[in-house]
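In what follows, a single structure is set out as structure tokens and then discussed.
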Amino acid sequence: MAERLKPVDVVTVGVGLTGAIMAKELAALGLKVVGLERGPRRDTSPDFQSPTIHDELRFSVRKALMQDNVKETLTFRNSADQTALPLRRWQGFLPGTGTGGAAVHWNGQTYRFQPVDFVYKTHIEKRYGKNFVDPDITIQDWGVTYDELEPHYDRFEYLCGTSGKAGNINGKIQPGGNPLEGRRSREYPTPPMKETQYGALFRKGAEKLGYKAYPQPASTLSQPYTNPEGLTLQQCVFCGFCERFACEHYAKASPQTVILPVALKNPNYELRSNCQVLRVNLDSTGKKATGVTYVDGAGREFEQPAELVLITAFALNNVRLMLLSGIGKRYDPRSGTGTVGRNYAYQTVSSVSVFYDEDTRINPFMASGSSGTVIDEFSGDNFDHTSLGFIGGAYVGAIMTNGRPIEFHPTPPGTPTWGPEWKKAVARHYNHTVVLTVHGMSHPTRTNYLDLDPTYKDAWGLPLMRLTFDFPENDLRMSKYVTDKTVEIGQAMGGKTVVGAPRKGPYTSTIYQTTHNTGGAVMGNDPTTSALNKYLQSWDVPNVFVIGASAFQHNGTYNPTDTVGALTYWAVDAIKNQYLKSPGPLVRM
Amino acid sequence: MSKLSRRSLIKASAPVGAALLSGSLADVAARADTPAHTHTAQLQPSAAPSTGTGSGEVKASYLFLNSEEAAFIEASVARLIPADEKWGGAIEAGVPNFIDKQLGGAWGAGERLYRGGPWQQGTATQGYQLPFTPAEFFRTAIAAINSELKATTPFAKMSATDQDAYLHALEAGGKDLGGVPSKEFFAALWEITLEGFFSDPVYGGNRDMLGWRMIGFPGAYASYYDLVDQHGIDFQHVPTSLASDVHRHIHVRPEIPARLPE
Amino acid sequence: MLAAGSAMAQGAARPADPKRGAVIAAQGTATVPACAQCHAFSGASDSSGAFPRLTGQPAPYLAEQMRDFASSKRDSAVMSPIAKGLSASDLEDVSAYFAAASGPFPLLAGPDAAIIKKGETLAREGDPAKGLQGCNNCHGPDGAGFPPRIPYLAGQYAEYIKLSLTMWKSGYRKNSPNVMKPVADRLDDQDIAAVAAFYQQIRNSTDTAQ
């Protein structure tokens with residue numbers, strides 16, 4: 001029997017980036033906030049210190065910072081005519097856990113989406129006509145515009161201290177930045193990171209072909225910085241242990257370094273670790289949340305009543321919790337009805353390897369998670385697709401993050417897969433290879449979706465979430481096109497051998513391709529095709545907000561985190577200025 | 001042109017055993033009681049190496065592998081990453097010891113592996129779907145291989161050419177090794193060999209950081225702010241293990257769990 | 001800001017000559033006194049803290065400090081005139097000499113075990129309350145150094161470590177500002193004493209047996 005606790009004003013499910021920002025903002029207003037984090041408490045000192053953290057086997061290969069598959073995983077299938085089976089080990093994407101969530105072990109790559117992303121359906125139909133897009137693709141407008149989000153992007157970037165060079169300040173193009181970016185209101189809070197060797201080689205090749213290279217916006221900082229919350233981050237040292245690892249130097253923006261200490265100082269906020277939320281509880285009408293039920297680390301069950309429930313876990317877990325709690329109608333791909341679980345999307349990435357002679361040394365181990373050089377000419381709808389037969393695009397760049405040898409030991413085509421020649425090739429090419437990344441959009445389809453698995457359960461006895469996903473043909477055509485363009489850049493870079501590897505179907509869960517899982521609880525203007533309104537408030541249960549990349553109608557060209565941060569500030573503003581003054585639906589239909 | 005002292009250069013000139021010094025460093029005393037300065041201290045082969053290196057092969061004490069399994073593992077990894085005239089291979093790097101400790105430890109027992117049934121074969125995109133833990137997986141497959149070869153020639157007694165052919169056949173797939181598909185077995189054997197060659201020496205493989213020295217990977221300590229913009233610098237650096245102490249002795253620990261302390 | 005002339009050119013045209021550096025260390029030049037007068041011929045200096053141990057520090061690190069002294073990026077009434085008086089090849093040679101030199105770490109009477117333990121924790125883990133990472137992250141295994149640019153602290157004199165951290169904290173030492181100033185700012189006097197005490201003794205301890 002669950003023990004019923006004293007009611008609080010707000011409960012957040014998950015204490016990652018979104019949960020930490022929400023907590024700090026609302027506790028500052030005097031509200032009583034409880035943050036429930038299923039994973040352990042951890043902090044830069046002592047938990048993230050090197051050399052212990054610089055252990056490729058433990059953290060990168062064995063995934064020590066990630067969700068424990070023994071307790072909870074997903075099931076996966078490419079299409080509904082298959083049986084979904086458990087992801088018994090993480091390979092293709094890596095859901096995190098613990099205080100700070102994925103923003104502890106992300107790379108810090110901090111890109112805004114483009115203005116057209118938020119009005120994507122309208123834009124595409126206007127430019128190419130209503131019949132241009134494959135009928136299976138279910139893109140929609142997001143219900144919010146870039147202009148509405150711009151101040152919140154700015155706020156999030158200044159929270160993180162993001163290092164970069166603006167390309168467009170209030171309409172004026174700035175040299176050195178991305179001339180194709182959406183306008184921003186001011187410069188980045190810190191200057192760009194130093195350019196690495198691989199970045200410089202890419203820049204030369206790209207500029208030879210007339211592209212405008214610019215520094216990747218980085219939340220691994222170029223210099224010490226004190227953010228508006230009064231917290232100081234330090235300078236990144238390019239240690240090469242960024243993604244899947246935590247930063248020992250306070251140089252990577254994460255909740256621990258940018259906001260959580262402020263929330264923790266406020267007596268209105270309480271962080272409870274090792275607490276697994278089983279469900280959001282609803283009253284008998286099903287339209288009001290009364291709080292959540294959770295199990296703590298010792299296995300004791302509690303009911304935490306709350307006036308406002310904020311679902312702030314990882315995108316996949318946000319959707320699962322809605323499904324387990326009966327918030328909103330679950331999506332049925334056959335009828336196309338229902339909203340929770342629809343428009344799941346991912347990221348379409350590919351690579352090009354550029355092999356050099358031995359006189360060109362790359363030193364790939366001298367890298368940060370976001371010390372890259374990129375171009376934007378092939379992102380999104382930045383180029384004319386009229387004759388190409390697909391929509392969407394990819395950013396291209398040299399964004400190598402490491403030289404960790406278990407997983408990075410490139411060899412040119414034709415090299416045997418093991419044995420004496422393999423060994424010689426590894427020694428020959430390790431320090432003389434640049435790998436370029438093509439990082440592309442992921443379009444939602446009618447048949448890619450999330451729901452609950454009928455067979456497999458987690459350690460608490462609850463159904464695992466089931467992922468049904470394959471790349472739409474559109475995205476594979478897009479990948480081929482941009483990868484071919486990237487091969488040209490590789491050749492212009494002076495590579496001796498240049499090998500393009502476009503993304504091919506079917507999607508496999510066995511090869512890592514980003515942890516950019518988006519959608520499933522999407523925001524929009526139409527309750528029949530979205531689970532949340534433009535303020536990320538549930539259409540069905542107004543005292544529940546669901547914050548994360550789960551709100552994305554599609555996944556844009558770029559990494560999700562900057563947009564997740566902007567949406568969080570956008571939503572918390574709506575909660576502070578509208579919802580708390582008059583609780584109820586913020587958008588009337 | 002590197003401005004570094006030659007004393008900080010390290011490249012093993014012989015494939016077997018501990019790091020050997022290049023000629024110019026031979027005059028540095030190898031006295032453990034009078035610690036020499038930073039660069040050369042770590043090059044001393046005789047200063048109580050905890051990895052058990054000396055010259056020549058080292059017999060690891062196996063905790064998991066029985067002698068028949070060990071014979072197969074030693075012979076197969078020696079073909080997967082062989083020694084050559086420049087660099088030692090999997091045997092010199094202690095890969096069999098690494099494999100033994102991994103299979104005998106938490107990872108081998110199924111740490112972080114979702115083990116609930118029912119079990120179905122699944123598509124290639126759905127990943128591993130067998131009920132075996134890694135320890136069971138290896139044990140089952142190797143037992144099937146050893147049993148099959150008992151009738152002809154055990155793997156360890158084959159010629160190198162025949163061993164390579166056998167490994168290629170495993171890699172190509174099509175055989176059932178007691179319930180383990182041979183293609184999956186080969187992939188797992190290759191993966192764990194790679195890990196044993198390139199992981200931190202604290203795990204019992206990559207002895208003397210042989211794998212890292214071969215490619216020039218500097219290891220667990222990493223701070224490059226001053227160097228990252230010296231594009232193409234020839235960074236000659238003796239690698240460090242996360243288990244190195246101030247005298248650059250490596251304290252090997254075979255069992256490190258793949259989870260943070262709770 | 002660079003001083004005049006090719007003395008400040010980045011790197012000599014020929015490889016560094018440690019034998020020539022030994023002569024400069026022992027005898028000085030026409031314009032500068034011998035390094036040995038203050039630092040001892042081996043570079044082992046003394047424990048007063050006024051003169052750091054140079055023995056075995058990475059040559060590029062030593063050369064960089066000398067260039068910083070000459071350009072006043074790092075200011076010292078004693079070292080700046082000396083560095084200015086050396087040519088680019090002089091300071092490369094003398095750096096190479098001290099990098100290759102060897103000498104024992106003297107056993108010095110140290111503070112109590114609790115202070116050393118506190119220093120060990122700061123060195124290995126940092127201090128969560130102060131938002132401070134461990135020194136070893138950059139300075140190597142218990143301060144053994146990270147060549148070519150990050151010096152060893154293990155076996156450096158406590159008084160000198162204290163002096164350096166205090167100089168960064170006060171703003172008087174201005175090189176490596178983005179790395180060392182944020183660190184120094186977070187250390188109070190007891191932290192500084194503890195970390196200095198730990199590093200001074202770590203290469204004297206005999207607890208390295210397997």
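The chains in the structure tokens are called A, B, ... from first to last as shown; in each chain the residues are counted from 1, and the ligands are counted from 1 in the order shown.
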
Residues of chain A were defined as contacting chain C if any atom lay at most 8 Å from it, counting only C-alpha atoms; please report them as a PyMOL selection string. chain A and resi 43-46+49-51+223-224+234-235+248-250

Writing out the chosen residues with all heavy atoms as a tab-separated table (two decimals), in the first residue's frame:
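Just written: part_21.tsv:
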chain	number	residue	atom	x	y	z
A	43	ASP	N	27.82	14.30	-8.90
A	43	ASP	CA	28.29	15.66	-9.11
A	43	ASP	C	29.69	15.62	-9.68
A	43	ASP	O	30.38	14.59	-9.61
A	43	ASP	CB	28.24	16.44	-7.80
A	43	ASP	CG	28.05	17.93	-8.04
A	43	ASP	OD1	28.23	18.37	-9.19
A	43	ASP	OD2	27.74	18.65	-7.07
A	44	THR	N	30.11	16.79	-10.20
A	44	THR	CA	31.40	16.86	-10.88
A	44	THR	C	32.52	16.36	-10.00
A	44	THR	O	33.37	15.57	-10.43
A	44	THR	CB	31.69	18.31	-11.31
A	44	THR	OG1	30.60	18.78	-12.10
A	44	THR	CG2	32.97	18.42	-12.09
A	45	SER	N	32.57	16.89	-8.77
A	45	SER	CA	33.51	16.35	-7.80
A	45	SER	C	32.69	15.62	-6.75
A	45	SER	O	31.78	16.20	-6.19
A	45	SER	CB	34.32	17.48	-7.16
A	45	SER	OG	35.03	17.00	-6.04
A	46	PRO	N	32.97	14.38	-6.44
A	46	PRO	CA	34.06	13.55	-6.95
A	46	PRO	C	33.72	12.63	-8.11
A	46	PRO	O	34.62	12.01	-8.67
A	46	PRO	CB	34.38	12.68	-5.73
A	46	PRO	CG	33.03	12.47	-5.09
A	46	PRO	CD	32.25	13.74	-5.31
A	49	GLN	N	35.51	12.94	-11.88
A	49	GLN	CA	36.93	13.29	-12.00
A	49	GLN	C	37.68	12.28	-12.86
A	49	GLN	O	37.37	11.09	-12.87
A	49	GLN	CB	37.57	13.38	-10.61
A	49	GLN	CG	37.02	14.53	-9.78
A	49	GLN	CD	37.28	15.87	-10.44
A	49	GLN	OE1	38.41	16.31	-10.56
A	49	GLN	NE2	36.21	16.53	-10.88
A	50	SER	N	38.66	12.79	-13.58
A	50	SER	CA	39.56	11.90	-14.28
A	50	SER	C	40.70	11.58	-13.34
A	50	SER	O	40.89	12.28	-12.35
A	50	SER	CB	40.06	12.55	-15.57
A	50	SER	OG	41.19	13.36	-15.36
A	51	PRO	N	41.49	10.53	-13.55
A	51	PRO	CA	41.45	9.67	-14.72
A	51	PRO	C	40.33	8.64	-14.71
A	51	PRO	O	40.10	8.01	-15.74
A	51	PRO	CB	42.80	8.96	-14.69
A	51	PRO	CG	43.10	8.86	-13.23
A	51	PRO	CD	42.57	10.11	-12.62
A	223	GLN	N	36.24	29.47	-22.68
A	223	GLN	CA	36.93	30.26	-21.64
A	223	GLN	C	36.04	30.24	-20.40
A	223	GLN	O	34.84	29.90	-20.49
A	223	GLN	CB	37.18	31.69	-22.10
A	223	GLN	CG	35.92	32.48	-22.41
A	223	GLN	CD	36.20	33.82	-23.05
A	223	GLN	OE1	37.11	33.96	-23.88
A	223	GLN	NE2	35.45	34.81	-22.65
A	224	PRO	N	36.58	30.63	-19.25
A	224	PRO	CA	35.76	30.67	-18.04
A	224	PRO	C	34.60	31.65	-18.22
A	224	PRO	O	34.71	32.65	-18.92
A	224	PRO	CB	36.72	31.16	-16.96
A	224	PRO	CG	38.08	30.85	-17.47
A	224	PRO	CD	37.98	30.96	-18.96
A	234	GLN	N	34.26	26.51	-16.36
A	234	GLN	CA	35.68	26.69	-16.67
A	234	GLN	C	35.95	26.35	-18.13
A	234	GLN	O	35.06	26.00	-18.88
A	234	GLN	CB	36.52	25.84	-15.72
A	234	GLN	CG	36.35	26.29	-14.27
A	234	GLN	CD	37.32	25.64	-13.34
A	234	GLN	OE1	38.49	25.49	-13.69
A	234	GLN	NE2	36.86	25.26	-12.17
A	235	GLN	N	37.20	26.44	-18.48
A	235	GLN	CA	37.59	26.31	-19.88
A	235	GLN	C	37.81	24.84	-20.23
A	235	GLN	O	38.49	24.12	-19.52
A	235	GLN	CB	38.88	27.09	-20.07
A	235	GLN	CG	39.47	27.08	-21.44
A	235	GLN	CD	40.77	27.87	-21.45
A	235	GLN	OE1	41.75	27.49	-20.86
A	235	GLN	NE2	40.75	29.01	-22.10
A	248	GLU	N	35.10	16.55	-16.06
A	248	GLU	CA	35.77	16.73	-14.78
A	248	GLU	C	36.08	18.19	-14.47
A	248	GLU	O	36.34	18.53	-13.32
A	248	GLU	CB	37.08	15.91	-14.74
A	248	GLU	CG	38.15	16.36	-15.73
A	248	GLU	CD	38.09	15.63	-17.07
A	248	GLU	OE1	36.99	15.21	-17.47
A	248	GLU	OE2	39.16	15.50	-17.70
A	249	HIS	N	36.04	19.05	-15.50
A	249	HIS	CA	36.55	20.41	-15.34
A	249	HIS	C	35.49	21.47	-15.14
A	249	HIS	O	35.83	22.66	-15.16
A	249	HIS	CB	37.35	20.80	-16.60
A	249	HIS	CG	38.68	20.14	-16.69
A	249	HIS	ND1	39.74	20.50	-15.90
A	249	HIS	CD2	39.13	19.14	-17.48
A	249	HIS	CE1	40.79	19.75	-16.21
A	249	HIS	NE2	40.44	18.91	-17.16
A	250	TYR	N	34.23	21.11	-14.97
A	250	TYR	CA	33.17	22.11	-14.93
A	250	TYR	C	33.12	22.91	-16.23
A	250	TYR	O	32.71	24.06	-16.24
A	250	TYR	CB	33.34	23.10	-13.75
A	250	TYR	CG	33.29	22.45	-12.39
A	250	TYR	CD1	34.45	21.93	-11.81
A	250	TYR	CD2	32.10	22.38	-11.67
A	250	TYR	CE1	34.41	21.33	-10.56
A	250	TYR	CE2	32.06	21.79	-10.42
A	250	TYR	CZ	33.22	21.27	-9.87
A	250	TYR	OH	33.18	20.68	-8.63

Residues of chain A within 6 Å of chain B, counting only C-alpha atoms, what are they? List them as a VMD selection string. chain A and resid 40 51 to 52 54 57 to 58 62 64 68 to 70 88 to 89 196 to 197 237 to 239 361 to 362 366 405 to 406 418 to 420 427 508 to 510

Can you check which residues of chain C have any atom within 9 Å of chain B? Use only C-alpha atoms and format it as number ranges by chain. C: 11, 15-16, 55-60, 92, 96, 99-105, 136-150, 152, 154, 202-204, 206, 208-210

Please identify all polymer residues within 8 Å of A:Thr514, counting only C-alpha atoms, omitting same-chain residues fewer than 3 positions from it, and present them as a ChimeraX atom specification. /A:92-93,347

Next, the residues of the selection above should be written as a JSON list (two decimals), in the first residue's frame with N, CA and C atoms.
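See part12.json below for the written result:
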[["chain", "number", "residue", "atom", "x", "y", "z"],
["A", 92, "GLY", "N", 22.23, 1.34, -30.35],
["A", 92, "GLY", "CA", 21.86, 2.37, -31.31],
["A", 92, "GLY", "C", 21.63, 3.74, -30.71],
["A", 93, "PHE", "N", 21.13, 3.79, -29.48],
["A", 93, "PHE", "CA", 20.97, 5.05, -28.77],
["A", 93, "PHE", "C", 21.10, 4.73, -27.29],
["A", 347, "GLN", "N", 17.26, 10.71, -36.21],
["A", 347, "GLN", "CA", 18.24, 11.55, -36.88],
["A", 347, "GLN", "C", 18.83, 10.71, -37.99]]

Pick from C:Ile24, C:Met66, C:Leu108, C:Ala88 nearest to C:Asn175, counting only C-alpha atoms: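 Closest to C:Asn175, using only C-alpha atoms: C:Met66.
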
Can you tell me which residues surround A:Lys172 at a distance of at most 12 Å, considering only C-alpha atoms, apart from same-chain residues fewer than 3 positions away, and format the answer as a list in words? Ala166, Gly167, Asn168, Ile169, Pro175, Gly177, Asn178, Pro179, Leu180, Glu181, Gly182, Arg183, Arg184, Ser185, Arg186 and Glu187 of chain A

Distance in Å - atom CA of A:Leu310 versus atom CA of A:Val544: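 Separation of atom CA of A:Leu310 and atom CA of A:Val544: 5.7 Å.
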
Can you pull out every residue within 12 Å of A:Thr293, counting only C-alpha atoms, but drop anything in the same chain fewer than 5 positions away, and send it as a count of residues only? 27

Neighbour list for C:Ala114 as a list in words, cut-off 10 Å, only C-alpha atoms, skip fewer than 5 positions in-chain: Gly119, Glu120 and Ala194 of chain C

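Compared by their closest atoms to C:Gly85, and using only C-alpha atoms, the residues C:Thr29, C:Gln65, C:Ser47, C:Ser42 rank with C:Thr29 nearest.
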